[in-house]
>>> print(open('upload.csv').read())   # CSV, C-alpha atoms
chain,number,residue,atom,x,y,z
A,2,MET,CA,102.7,-93.5,-33.7
A,3,ALA,CA,101.0,-93.2,-30.3
A,4,SER,CA,97.9,-91.0,-29.9
A,5,ILE,CA,98.0,-88.2,-27.4
A,6,LYS,CA,95.0,-86.4,-25.8
A,7,TYR,CA,95.2,-82.6,-26.0
A,8,LYS,CA,93.2,-79.6,-24.7
A,9,CYS,CA,93.2,-76.1,-26.2
A,10,LYS,CA,93.7,-73.3,-23.5
A,11,ASN,CA,92.2,-70.8,-25.9
A,12,CYS,CA,88.9,-72.4,-26.8
A,13,GLN,CA,88.8,-75.3,-24.3
A,14,HIS,CA,88.5,-77.8,-27.2
A,15,SER,CA,89.6,-81.4,-26.4
A,16,PHE,CA,90.9,-83.6,-29.2
A,17,THR,CA,93.4,-86.4,-30.0
A,18,GLY,CA,96.7,-85.8,-31.8
A,19,ASN,CA,100.2,-87.1,-32.0
A,20,ASP,CA,103.8,-86.0,-31.3
A,21,TYR,CA,103.7,-83.6,-34.2
A,22,THR,CA,100.5,-81.9,-33.3
A,23,ILE,CA,101.1,-78.1,-32.6
A,24,ASN,CA,97.9,-76.2,-33.3
A,25,CYS,CA,94.3,-76.7,-32.2
A,26,PRO,CA,92.2,-78.0,-35.0
A,27,ASN,CA,89.2,-76.0,-33.8
A,28,CYS,CA,90.6,-72.4,-33.4
A,29,GLY,CA,94.0,-72.9,-35.0
A,30,LYS,CA,95.9,-71.5,-32.0
A,31,PRO,CA,99.1,-73.2,-30.7
A,32,ASP,CA,98.0,-72.9,-27.1
A,33,ILE,CA,97.5,-76.7,-26.6
A,34,ILE,CA,98.4,-78.9,-23.6
A,35,SER,CA,98.6,-82.7,-23.2
A,36,THR,CA,96.1,-84.2,-20.8
A,37,GLU,CA,97.8,-87.6,-20.7
A,38,THR,CA,98.2,-89.2,-17.2
A,39,GLY,CA,99.4,-92.6,-15.9
A,40,ASP,CA,102.7,-94.3,-16.9
A,41,ASP,CA,103.4,-91.7,-19.5
A,42,GLY,CA,102.8,-88.8,-17.2
A,43,LEU,CA,106.4,-87.7,-17.0
A,44,LEU,CA,106.9,-87.9,-20.7
A,45,ALA,CA,103.7,-85.9,-21.3
A,46,TRP,CA,104.8,-83.3,-18.8
A,47,VAL,CA,108.1,-82.9,-20.6
A,48,PHE,CA,106.4,-82.7,-23.9
A,49,LYS,CA,104.0,-80.1,-22.5
A,50,PHE,CA,106.8,-78.1,-21.0
A,51,TYR,CA,108.6,-78.2,-24.4
A,52,LYS,CA,105.5,-77.0,-26.2
A,53,GLU,CA,104.8,-74.2,-23.8
A,54,ASN,CA,108.3,-73.0,-23.2
A,55,LYS,CA,110.3,-73.4,-26.4
A,56,ILE,CA,112.9,-70.7,-25.9
A,57,LEU,CA,113.6,-71.9,-22.3
A,58,SER,CA,113.8,-75.5,-23.5
A,59,TYR,CA,116.3,-74.7,-26.2
A,60,SER,CA,118.4,-72.8,-23.7
A,61,ILE,CA,118.4,-75.7,-21.2
A,62,THR,CA,119.4,-78.1,-24.0
A,63,ALA,CA,122.3,-75.9,-25.0
A,64,ILE,CA,123.5,-75.6,-21.4
A,65,ILE,CA,123.5,-79.4,-20.9
A,66,ILE,CA,125.5,-79.9,-24.1
A,67,ILE,CA,128.1,-77.3,-23.0
A,68,ILE,CA,128.4,-79.0,-19.6
A,69,ILE,CA,128.9,-82.4,-21.2
A,70,LEU,CA,131.7,-81.0,-23.5
A,71,LEU,CA,133.4,-79.3,-20.6
A,72,LEU,CA,133.4,-82.5,-18.5
A,73,LYS,CA,134.8,-84.4,-21.5
A,74,PHE,CA,137.7,-82.0,-22.3
A,75,CYS,CA,138.4,-80.7,-18.8
A,76,GLY,CA,137.7,-83.6,-16.5
A,77,ASP,CA,141.0,-85.3,-17.3
A,78,GLU,CA,143.9,-83.6,-15.6
A,79,THR,CA,146.2,-84.5,-18.5
A,80,THR,CA,144.2,-82.3,-20.9
A,81,ASN,CA,144.3,-79.1,-18.9
A,82,PRO,CA,145.8,-76.6,-21.3
A,83,LYS,CA,148.1,-75.3,-18.5
A,84,ASP,CA,149.6,-78.7,-18.0
A,85,LYS,CA,152.6,-80.1,-20.0
A,86,PHE,CA,154.8,-83.0,-19.3
A,87,ILE,CA,158.5,-83.5,-18.8
A,88,ILE,CA,160.1,-86.9,-19.5
A,89,GLU,CA,163.3,-87.3,-17.5
A,90,PRO,CA,165.4,-90.5,-17.7
A,91,ILE,CA,168.3,-90.9,-15.3
A,92,ALA,CA,171.1,-93.4,-16.0
A,93,LYS,CA,172.2,-95.4,-12.9
A,94,LEU,CA,174.2,-98.6,-12.3
A,95,GLY,CA,172.6,-101.3,-14.4
A,96,PHE,CA,169.3,-99.5,-15.1
A,97,VAL,CA,167.6,-96.3,-16.1
A,98,GLU,CA,165.1,-94.6,-13.8
A,99,LEU,CA,162.5,-92.8,-15.9
A,100,ASN,CA,160.4,-90.0,-14.3
A,101,ILE,CA,157.4,-88.2,-15.7
A,102,TYR,CA,156.6,-84.7,-14.3
A,103,LYS,CA,153.6,-82.5,-14.8
A,104,TYR,CA,154.7,-79.1,-15.7
A,105,ASP,CA,152.6,-76.0,-14.9
A,106,SER,CA,153.5,-73.3,-17.4
A,107,SER,CA,151.9,-70.6,-15.3
A,108,THR,CA,154.1,-71.3,-12.2
A,109,HIS,CA,157.0,-73.0,-14.0
A,110,LYS,CA,156.9,-75.8,-11.5
A,111,LYS,CA,157.1,-79.6,-12.2
A,112,THR,CA,155.3,-82.1,-10.1
A,113,PRO,CA,156.4,-85.8,-10.1
A,114,LEU,CA,153.6,-88.2,-11.1
A,115,ASN,CA,153.4,-91.0,-8.6
A,116,ASN,CA,151.0,-93.2,-10.8
A,117,PHE,CA,153.7,-93.9,-13.4
A,118,SER,CA,151.9,-96.9,-15.0
A,119,LYS,CA,148.9,-94.7,-15.8
A,120,TYR,CA,151.0,-92.5,-18.0
A,121,GLU,CA,153.8,-94.7,-19.4
A,122,LYS,CA,151.5,-96.5,-21.9
A,123,SER,CA,150.3,-93.2,-23.3
A,124,PHE,CA,153.9,-92.2,-24.3
A,125,ARG,CA,154.6,-95.6,-25.9
A,126,PHE,CA,158.2,-96.0,-24.7
A,127,ARG,CA,160.4,-98.1,-27.0
A,128,ASP,CA,163.9,-99.4,-27.0
A,129,LYS,CA,166.4,-98.9,-29.9
A,130,ASP,CA,165.0,-102.0,-31.7
A,131,GLY,CA,161.4,-100.7,-31.5
A,132,ASN,CA,160.3,-103.1,-28.8
A,133,ALA,CA,158.0,-101.9,-26.0
A,134,ILE,CA,160.0,-101.2,-22.9
A,135,ILE,CA,159.1,-103.3,-19.9
A,136,PHE,CA,159.4,-101.2,-16.7
A,137,GLN,CA,160.0,-102.9,-13.4
A,138,GLU,CA,159.7,-101.6,-9.8
A,139,ASN,CA,157.3,-98.9,-11.1
A,140,ASN,CA,159.6,-96.9,-13.3
A,141,LYS,CA,163.0,-98.7,-13.7
A,142,TYR,CA,164.2,-100.0,-17.1
A,143,TYR,CA,166.8,-102.7,-17.0
A,144,PRO,CA,168.5,-102.9,-20.5
A,145,CYS,CA,170.5,-105.7,-21.9
A,146,ASP,CA,172.9,-103.4,-23.7
A,147,SER,CA,175.1,-100.7,-22.1
A,148,ASP,CA,174.3,-98.4,-25.0
A,149,VAL,CA,170.8,-97.3,-24.1
A,150,VAL,CA,168.3,-95.7,-26.4
A,151,ILE,CA,164.8,-94.8,-25.2
A,152,ARG,CA,162.2,-93.3,-27.6
A,153,TRP,CA,158.7,-92.1,-26.9
A,154,SER,CA,155.8,-90.5,-28.7
A,155,ASN,CA,154.1,-87.2,-27.9
A,156,PRO,CA,150.3,-87.7,-27.6
A,157,LYS,CA,148.1,-84.8,-28.6
A,158,ASN,CA,146.4,-84.7,-25.2
A,159,LYS,CA,149.7,-84.9,-23.4
A,160,PRO,CA,152.0,-82.2,-24.7
A,161,LEU,CA,155.6,-82.1,-23.7
A,162,LYS,CA,157.4,-79.0,-22.5
A,163,ASN,CA,160.1,-79.9,-25.0
A,164,PRO,CA,158.2,-81.9,-27.6
A,165,TRP,CA,161.1,-82.0,-30.0
A,166,ASP,CA,163.1,-84.1,-27.5
A,167,THR,CA,161.6,-87.6,-27.8
A,168,THR,CA,164.8,-89.7,-27.7
A,169,TYR,CA,167.2,-90.4,-24.8
A,170,THR,CA,170.6,-92.0,-25.3
A,171,ALA,CA,173.1,-92.9,-22.7
A,172,THR,CA,175.9,-95.4,-21.8
A,173,ILE,CA,175.4,-97.2,-18.5
A,174,SER,CA,177.7,-99.4,-16.5
A,175,PHE,CA,176.9,-103.0,-15.5
A,176,LEU,CA,178.0,-104.6,-12.3
A,177,ASN,CA,180.7,-107.2,-13.2
A,178,GLY,CA,180.2,-106.2,-16.8
A,179,LYS,CA,177.0,-108.1,-17.2
A,180,PRO,CA,173.3,-106.9,-17.4
A,181,SER,CA,171.2,-107.1,-14.3
A,182,THR,CA,169.4,-110.4,-13.7
A,183,ASN,CA,166.2,-108.3,-13.8
A,184,ALA,CA,166.8,-107.4,-17.5
A,185,PRO,CA,164.5,-109.4,-19.8
A,186,CYS,CA,167.3,-110.1,-22.3
A,187,PRO,CA,166.3,-112.1,-25.4
A,188,PRO,CA,167.9,-115.5,-25.5
A,189,ASP,CA,170.4,-116.5,-28.2
A,190,LEU,CA,168.2,-118.4,-30.8
A,191,ARG,CA,170.3,-120.4,-33.2
A,192,ILE,CA,169.0,-123.0,-35.7
A,193,ASN,CA,171.0,-126.2,-35.9
A,194,GLU,CA,171.8,-128.0,-39.1
A,195,PRO,CA,168.6,-129.8,-40.3
A,196,LYS,CA,168.9,-133.6,-40.2
A,197,PHE,CA,167.4,-136.4,-42.2
A,198,GLY,CA,164.5,-138.0,-40.4
A,199,SER,CA,162.8,-141.4,-40.8
A,200,GLY,CA,160.8,-141.5,-44.0
A,201,CYS,CA,160.8,-138.3,-46.0
A,202,THR,CA,161.1,-135.9,-43.1
A,203,MET,CA,163.4,-133.0,-42.1
A,204,ILE,CA,164.3,-132.7,-38.4
A,205,VAL,CA,164.9,-129.1,-37.2
A,206,SER,CA,166.3,-128.3,-33.8
A,207,THR,CA,167.3,-125.0,-32.1
A,208,SER,CA,169.4,-123.8,-29.2
A,209,LEU,CA,166.2,-123.1,-27.2
A,210,ASP,CA,164.4,-126.5,-27.6
A,211,ASN,CA,165.2,-127.6,-24.0
A,212,ASP,CA,164.5,-124.2,-22.4
A,213,LYS,CA,161.1,-124.4,-20.7
A,214,HIS,CA,160.8,-120.6,-20.6
A,215,TYR,CA,160.4,-120.3,-24.4
A,216,LYS,CA,158.5,-121.8,-27.2
A,217,VAL,CA,160.2,-121.9,-30.6
A,218,MET,CA,158.1,-121.5,-33.8
A,219,VAL,CA,159.7,-122.9,-37.0
A,220,SER,CA,159.1,-122.5,-40.7
A,221,VAL,CA,160.8,-124.7,-43.3
A,222,THR,CA,159.3,-122.8,-46.3
A,223,GLY,CA,160.9,-119.4,-45.8
A,224,ARG,CA,160.4,-116.3,-43.7
A,225,SER,CA,156.7,-115.9,-44.5
A,226,GLY,CA,155.9,-119.2,-42.9
A,227,PRO,CA,153.7,-120.9,-41.8
A,228,TYR,CA,155.4,-121.3,-38.4
A,229,LEU,CA,154.6,-124.2,-36.2
A,230,ASN,CA,155.9,-125.5,-32.9
A,231,LYS,CA,157.3,-128.8,-34.1
A,232,SER,CA,160.6,-130.4,-35.1
A,233,ALA,CA,159.7,-133.1,-37.7
A,234,TRP,CA,158.6,-131.7,-41.0
A,235,GLN,CA,157.3,-133.7,-44.1
A,236,ALA,CA,159.9,-132.9,-46.7
A,237,ASP,CA,158.7,-134.6,-49.9
A,238,THR,CA,158.4,-131.2,-51.7
A,239,ILE,CA,161.6,-129.6,-50.2
A,240,ASN,CA,164.7,-129.4,-52.4
A,241,GLN,CA,166.6,-126.6,-50.6
A,242,ILE,CA,166.9,-125.5,-47.0
A,243,ASN,CA,165.0,-122.4,-46.1
A,244,VAL,CA,164.5,-122.6,-42.4
A,245,TRP,CA,163.5,-119.7,-40.1
A,246,ALA,CA,162.5,-119.6,-36.4
A,247,TYR,CA,161.4,-117.2,-33.7
A,248,PHE,CA,160.6,-117.6,-30.0
A,249,VAL,CA,157.8,-116.5,-27.7
A,250,GLY,CA,158.0,-116.3,-24.0
A,251,LYS,CA,157.1,-114.3,-20.9
A,252,GLY,CA,158.4,-110.7,-21.0
A,253,PHE,CA,158.5,-110.4,-24.7
A,254,ASP,CA,156.0,-108.7,-27.0
A,255,SER,CA,154.4,-111.5,-28.9
A,256,SER,CA,152.9,-109.1,-31.4
A,257,ILE,CA,156.4,-108.3,-32.7
A,258,ILE,CA,157.8,-111.3,-34.6
A,259,ARG,CA,161.5,-111.1,-35.7
A,260,PRO,CA,162.4,-114.5,-37.1
A,261,VAL,CA,166.1,-115.5,-37.5
A,262,PRO,CA,167.3,-117.6,-40.5
A,263,TYR,CA,169.4,-120.8,-40.5
A,264,LEU,CA,173.0,-119.7,-41.2
A,265,TYR,CA,173.3,-121.8,-44.4
A,266,ASN,CA,169.9,-121.3,-45.9
A,267,TYR,CA,169.3,-122.0,-49.6
A,268,SER,CA,171.7,-124.9,-49.7
A,269,ALA,CA,170.5,-128.1,-51.4
A,270,TRP,CA,168.4,-130.6,-49.5
A,271,ASN,CA,168.6,-134.1,-50.8
A,272,ASN,CA,167.1,-136.6,-48.4
A,273,PRO,CA,167.9,-140.1,-49.6
A,274,ASN,CA,164.7,-141.3,-47.9
A,275,CYS,CA,162.6,-139.1,-50.1
A,276,LYS,CA,161.2,-140.2,-53.4
A,277,HIS,CA,160.0,-137.2,-55.2
A,278,CYS,CA,157.1,-138.4,-57.3
A,279,THR,CA,155.2,-136.6,-60.0
A,280,PRO,CA,151.5,-137.3,-60.6
A,281,SER,CA,152.6,-139.3,-63.7
A,282,ASP,CA,154.9,-141.4,-61.5
A,283,ILE,CA,152.1,-142.2,-59.1
A,284,ALA,CA,149.8,-143.1,-62.0
A,285,ALA,CA,152.4,-145.4,-63.5
A,286,LEU,CA,153.0,-147.1,-60.1
A,287,LYS,CA,149.2,-147.6,-59.7
A,288,THR,CA,149.1,-149.4,-63.1
A,289,SER,CA,152.0,-151.6,-62.1
A,290,ILE,CA,150.4,-152.5,-58.8
A,291,VAL,CA,147.1,-153.5,-60.4
A,292,SER,CA,148.9,-155.8,-62.9
A,293,ALA,CA,151.3,-157.4,-60.3
A,294,ALA,CA,148.6,-157.9,-57.7
A,295,ASN,CA,146.1,-159.6,-60.1
A,296,ASN,CA,148.8,-161.8,-61.5
A,297,TYR,CA,149.9,-162.8,-58.0
A,298,GLY,CA,146.4,-163.3,-56.8
A,299,SER,CA,145.5,-165.6,-59.6
A,300,ASP,CA,148.5,-167.9,-58.7
A,301,PRO,CA,150.1,-167.3,-55.3
A,302,SER,CA,152.4,-170.3,-55.8
A,303,ASN,CA,154.2,-168.5,-58.7
A,304,LYS,CA,157.4,-167.1,-57.2
A,305,GLY,CA,158.0,-164.8,-60.1
A,306,ASN,CA,154.6,-163.1,-59.7
A,307,ARG,CA,155.1,-162.9,-56.0
A,308,ASN,CA,158.6,-161.2,-56.3
A,309,ILE,CA,157.3,-158.6,-58.7
A,310,LEU,CA,154.5,-157.6,-56.3
A,311,VAL,CA,156.7,-157.7,-53.2
A,312,GLY,CA,159.2,-155.5,-55.0
A,313,LEU,CA,156.6,-152.8,-55.2
A,314,LEU,CA,155.6,-153.0,-51.6
A,315,SER,CA,157.5,-151.9,-48.5
A,316,ASN,CA,157.9,-153.3,-44.9
A,317,ASN,CA,155.3,-150.8,-43.8
A,318,THR,CA,152.6,-151.8,-46.4
A,319,LYS,CA,149.5,-153.1,-44.7
A,320,VAL,CA,147.6,-155.9,-46.5
A,321,TYR,CA,143.8,-156.3,-46.3
A,322,LEU,CA,141.7,-159.3,-47.3
A,323,ASP,CA,138.0,-158.7,-47.6
A,324,ASN,CA,138.4,-155.5,-45.7
A,325,ASN,CA,140.2,-157.2,-42.8
A,326,LEU,CA,143.8,-156.5,-41.9
A,327,ILE,CA,145.9,-159.6,-42.2
A,328,GLY,CA,149.4,-158.1,-41.7
A,329,ASP,CA,152.3,-157.3,-44.1
A,330,TYR,CA,153.3,-158.9,-47.4
A,331,SER,CA,155.0,-161.8,-45.5
A,332,ASP,CA,151.7,-162.6,-43.8
A,333,MET,CA,149.9,-162.2,-47.1
A,334,ASN,CA,152.2,-164.7,-48.8
A,335,ASN,CA,151.7,-167.3,-46.1
A,336,ILE,CA,147.9,-167.0,-46.1
A,337,PHE,CA,147.4,-166.8,-49.8
A,338,LEU,CA,149.8,-169.7,-50.6
A,339,ASN,CA,148.3,-172.0,-48.0
A,340,ASN,CA,144.7,-171.3,-49.1
A,341,PHE,CA,145.7,-171.8,-52.7
A,342,LYS,CA,147.4,-175.1,-52.0
A,343,ASN,CA,144.4,-176.3,-49.9
A,344,ASP,CA,141.4,-175.3,-52.0
A,345,ASN,CA,142.8,-173.4,-55.0
A,346,THR,CA,141.6,-170.1,-53.6
A,347,THR,CA,142.5,-167.1,-55.8
A,348,TYR,CA,142.3,-163.4,-55.1
A,349,LYS,CA,141.5,-160.2,-57.0
A,350,TYR,CA,143.1,-156.8,-56.5
A,351,GLU,CA,140.7,-154.3,-55.0
A,352,SER,CA,142.5,-151.0,-54.2
A,353,SER,CA,145.7,-149.4,-52.7
A,354,ASP,CA,146.9,-146.2,-51.1
A,355,ILE,CA,150.0,-144.4,-52.4
A,356,THR,CA,151.7,-141.4,-50.7
A,357,SER,CA,153.1,-138.4,-52.5
A,358,ASP,CA,156.6,-140.0,-52.2
A,359,CYS,CA,155.5,-143.1,-54.0
A,360,GLU,CA,155.2,-145.3,-50.9
A,361,ILE,CA,152.4,-147.9,-51.0
A,362,THR,CA,150.9,-147.8,-47.5
A,363,SER,CA,148.1,-150.4,-48.0
A,364,ILE,CA,146.8,-152.8,-50.6
A,365,LYS,CA,143.4,-154.6,-50.5
A,366,PHE,CA,142.4,-158.0,-52.0
A,367,LYS,CA,139.2,-159.9,-52.1
A,368,LYS,CA,138.6,-163.6,-52.7
A,369,LYS,CA,137.3,-164.5,-56.2
>>> encode(input="upload.csv", output="structure tokens")
Amino acid sequence: MASIKYKCKNCQHSFTGNDYTINCPNCGKPDIISTETGDDGLLAWVFKFYKENKILSYSITAIIIIIILLLKFCGDETTNPKDKFIIEPIAKLGFVELNIYKYDSSTHKKTPLNNFSKYEKSFRFRDKDGNAIIFQENNKYYPCDSDVVIRWSNPKNKPLKNPWDTTYTATISFLNGKPSTNAPCPPDLRINEPKFGSGCTMIVSTSLDNDKHYKVMVSVTGRSGPYLNKSAWQADTINQINVWAYFVGKGFDSSIIRPVPYLYNYSAWNNPNCKHCTPSDIAALKTSIVSAANNYGSDPSNKGNRNILVGLLSNNTKVYLDNNLIGDYSDMNNIFLNNFKNDNTTYKYESSDITSDCEITSIKFKKK
């Protein structure tokens, strides 16, 4: 704590104290003043004034607090206790014009508010589905349905003249029977029948895939997701269809997700390209590979050994020799057989990679 120099006005005694020093240590009187100067002069003066004029200081502090509170609660025109608000929607051809008025209860007059956007967020206007209403041309709402429902809340600091009336319903007419082109109508999102893809994949397409204005998010594991923006899904663990999708795009509240299901969800999914392997299946396949690869590697000229190994591999299996890629099983057979015939070179199985659908993606040998 900083030291402060004081002087007693009663006995003229000079001494050093701190912020909590009140009485003179010589005569015991509270008539002390700070003698600090320099950079802390203003602080010392304030402290001195506080010491010497406690009642006045308390009064000034109280007045400042009251002024701050008055500015906070009375500075905003929307919190004036005399002011209330009137929400007035008006149905017109193809749209609803929504007006907000400030109502003075003392004069019973309503004044239109020109700055509509300043207030419309406070009232949280929603359509019949609970979506936030998008106003255009300041205060016009272009609905997609002729049966219009507008709901709004009643904020505490913006009381309504008729606070019980927070829902507006009306039937409006559309030109040519169709909503206005200004209406941000949601597109018709439909999920097409999932297709078998190459390998063990499920291909999901929708009615909006070619519409550049929207991005479709898809889940193949139920309504809870996860949702991703892609069409090809690995399906080795899928045995029934449970596809959902939703779209995101300009003009729609991305925080509100309402996914739609595929019409024939929960039907069986049996992709003939999928090999549903259990851990024990993979372990058994691994054992077979080790045996077949070592038998073939010890005598590449033996057609029986070769056929057993090739029967386990696929056209996509990559073969490595001494950590170098040499090609597929056809390239392997040519190289191994020629080397064996030329100098009796034999090979030893080293490792292999197996996917969850029991496909051998690679196999590695090394020369003995």
>>> atom_distance(input="upload.csv", atom1="CA of Asp354 (chain A)", atom2="CA of Lys287 (chain A)")
9.0 Å
>>> residues_around(input="upload.csv", residues="region 261-271 of chain A", least_positions_apart="2", cutoff="8 Å", atoms="only C-alpha atoms", output="CSV table (one decimal) with C-alpha atoms, in the frame of the given file")
chain,number,residue,atom,x,y,z
A,190,LEU,CA,168.2,-118.4,-30.8
A,191,ARG,CA,170.3,-120.4,-33.2
A,192,ILE,CA,169.0,-123.0,-35.7
A,193,ASN,CA,171.0,-126.2,-35.9
A,194,GLU,CA,171.8,-128.0,-39.1
A,224,ARG,CA,160.4,-116.3,-43.7
A,239,ILE,CA,161.6,-129.6,-50.2
A,240,ASN,CA,164.7,-129.4,-52.4
A,241,GLN,CA,166.6,-126.6,-50.6
A,242,ILE,CA,166.9,-125.5,-47.0
A,243,ASN,CA,165.0,-122.4,-46.1
A,244,VAL,CA,164.5,-122.6,-42.4
A,245,TRP,CA,163.5,-119.7,-40.1
A,246,ALA,CA,162.5,-119.6,-36.4
A,247,TYR,CA,161.4,-117.2,-33.7
A,259,ARG,CA,161.5,-111.1,-35.7
A,273,PRO,CA,167.9,-140.1,-49.6
A,275,CYS,CA,162.6,-139.1,-50.1
>>> atom_distance(input="upload.csv", atom1="CA of Thr168 (chain A)", atom2="CA of Phe136 (chain A)")
16.8 Å
>>> closest_residue(input="upload.csv", among="A:Asn230, A:Asn100, A:Asn324, A:Ser315", to="Glu121 (chain A)", atoms="all atoms listed in the file")
A:Asn100
>>> atom_distance(input="upload.csv", atom1="CA of Asp344 (chain A)", atom2="CA of Lys319 (chain A)")
24.7 Å
>>> closest_residue(input="upload.csv", among="A:Gly250, A:Gly95, A:Pro90, A:Gly298", to="Asp166 (chain A)", atoms="only C-alpha atoms")
A:Pro90
>>> closest_residue(input="upload.csv", among="A:Phe86, A:Ser4, A:Ser123, A:Asn24", to="Asp105 (chain A)", atoms="only C-alpha atoms")
A:Phe86
>>> closest_residue(input="upload.csv", among="A:Asp329, A:Asp148, A:Glu89, A:Glu98", to="Ala171 (chain A)", atoms="all atoms listed in the file")
A:Asp148
>>> closest_residue(input="upload.csv", among="A:Ser220, A:Thr288, A:Ser232, A:Asn306", to="Ser353 (chain A)", atoms="all atoms listed in the file")
A:Thr288
>>> residues_around(input="upload.csv", residues="Ile33 (chain A)", least_positions_apart="6", cutoff="7 Å", atoms="all atoms listed in the file", output="list in words")
Tyr7, Lys8, Cys9, Lys10, Asn24 and Cys25 of chain A
>>> write_last_selection(input="upload.csv", atoms="C-alpha atoms", output="PDB file, in the coordinates of the input")
ATOM      1  CA  TYR A   7      95.200 -82.600 -26.000  1.00  0.00           C
ATOM      2  CA  LYS A   8      93.200 -79.600 -24.700  1.00  0.00           C
ATOM      3  CA  CYS A   9      93.200 -76.100 -26.200  1.00  0.00           C
ATOM      4  CA  LYS A  10      93.700 -73.300 -23.500  1.00  0.00           C
ATOM      5  CA  ASN A  24      97.900 -76.200 -33.300  1.00  0.00           C
ATOM      6  CA  CYS A  25      94.300 -76.700 -32.200  1.00  0.00           C
TER       7      CYS A  25
END
>>> residues_near_point(input="upload.csv", point="(164.3, -90.5, -26.6)", cutoff="10 Å", atoms="all atoms listed in the file", output="list in words")
Ile88, Glu89, Pro90, Phe126, Arg127, Asp128, Lys129, Val149, Val150, Ile151, Arg152, Trp153, Ser154, Trp165, Asp166, Thr167, Thr168, Tyr169, Thr170 and Ala171 of chain A
>>> closest_residue(input="upload.csv", among="A:Val217, A:Ile101, A:Leu338, A:Ile5", to="Ser299 (chain A)", atoms="all atoms listed in the file")
A:Leu338
>>> build_atoms(input="upload.csv", residues="region 256-271 of chain A", atoms="N, CA and C atoms", output="short mmCIF file (atom, residue, chain, number, x, y, z; two decimals), keeping the file's coordinate frame")
data_model
loop_
_atom_site.label_atom_id
_atom_site.label_comp_id
_atom_site.auth_asym_id
_atom_site.auth_seq_id
_atom_site.Cartn_x
_atom_site.Cartn_y
_atom_site.Cartn_z
N SER A 256 153.45 -109.70 -30.20
CA SER A 256 152.90 -109.10 -31.40
C SER A 256 154.04 -108.72 -32.38
N ILE A 257 155.28 -108.66 -31.88
CA ILE A 257 156.40 -108.30 -32.70
C ILE A 257 157.21 -109.59 -32.99
N ILE A 258 157.19 -110.06 -34.24
CA ILE A 258 157.80 -111.30 -34.60
C ILE A 258 159.08 -110.96 -35.45
N ARG A 259 160.24 -111.36 -34.94
CA ARG A 259 161.50 -111.10 -35.70
C ARG A 259 162.18 -112.48 -35.85
N PRO A 260 161.84 -113.21 -36.90
CA PRO A 260 162.40 -114.50 -37.10
C PRO A 260 163.91 -114.43 -37.51
N VAL A 261 164.67 -115.45 -37.14
CA VAL A 261 166.10 -115.50 -37.50
C VAL A 261 166.23 -116.69 -38.51
N PRO A 262 167.16 -116.56 -39.47
CA PRO A 262 167.30 -117.60 -40.50
C PRO A 262 168.39 -118.63 -40.05
N TYR A 263 168.34 -119.79 -40.63
CA TYR A 263 169.40 -120.80 -40.50
C TYR A 263 170.63 -120.21 -41.26
N LEU A 264 171.81 -120.39 -40.71
CA LEU A 264 173.00 -119.70 -41.20
C LEU A 264 173.28 -120.13 -42.69
N TYR A 265 172.96 -121.36 -43.06
CA TYR A 265 173.30 -121.80 -44.40
C TYR A 265 172.00 -122.09 -45.22
N ASN A 266 171.07 -121.17 -45.12
CA ASN A 266 169.90 -121.30 -45.90
C ASN A 266 170.17 -121.29 -47.42
N TYR A 267 169.25 -121.91 -48.16
CA TYR A 267 169.30 -122.00 -49.60
C TYR A 267 170.32 -123.00 -50.14
N SER A 268 170.91 -123.78 -49.23
CA SER A 268 171.70 -124.90 -49.70
C SER A 268 170.82 -126.05 -50.08
N ALA A 269 171.35 -126.96 -50.89
CA ALA A 269 170.50 -128.10 -51.40
C ALA A 269 170.10 -129.01 -50.31
N TRP A 270 168.91 -129.56 -50.46
CA TRP A 270 168.40 -130.60 -49.50
C TRP A 270 168.04 -131.82 -50.31
N ASN A 271 168.83 -132.86 -50.09
CA ASN A 271 168.60 -134.10 -50.80
C ASN A 271 168.53 -135.25 -49.79
#
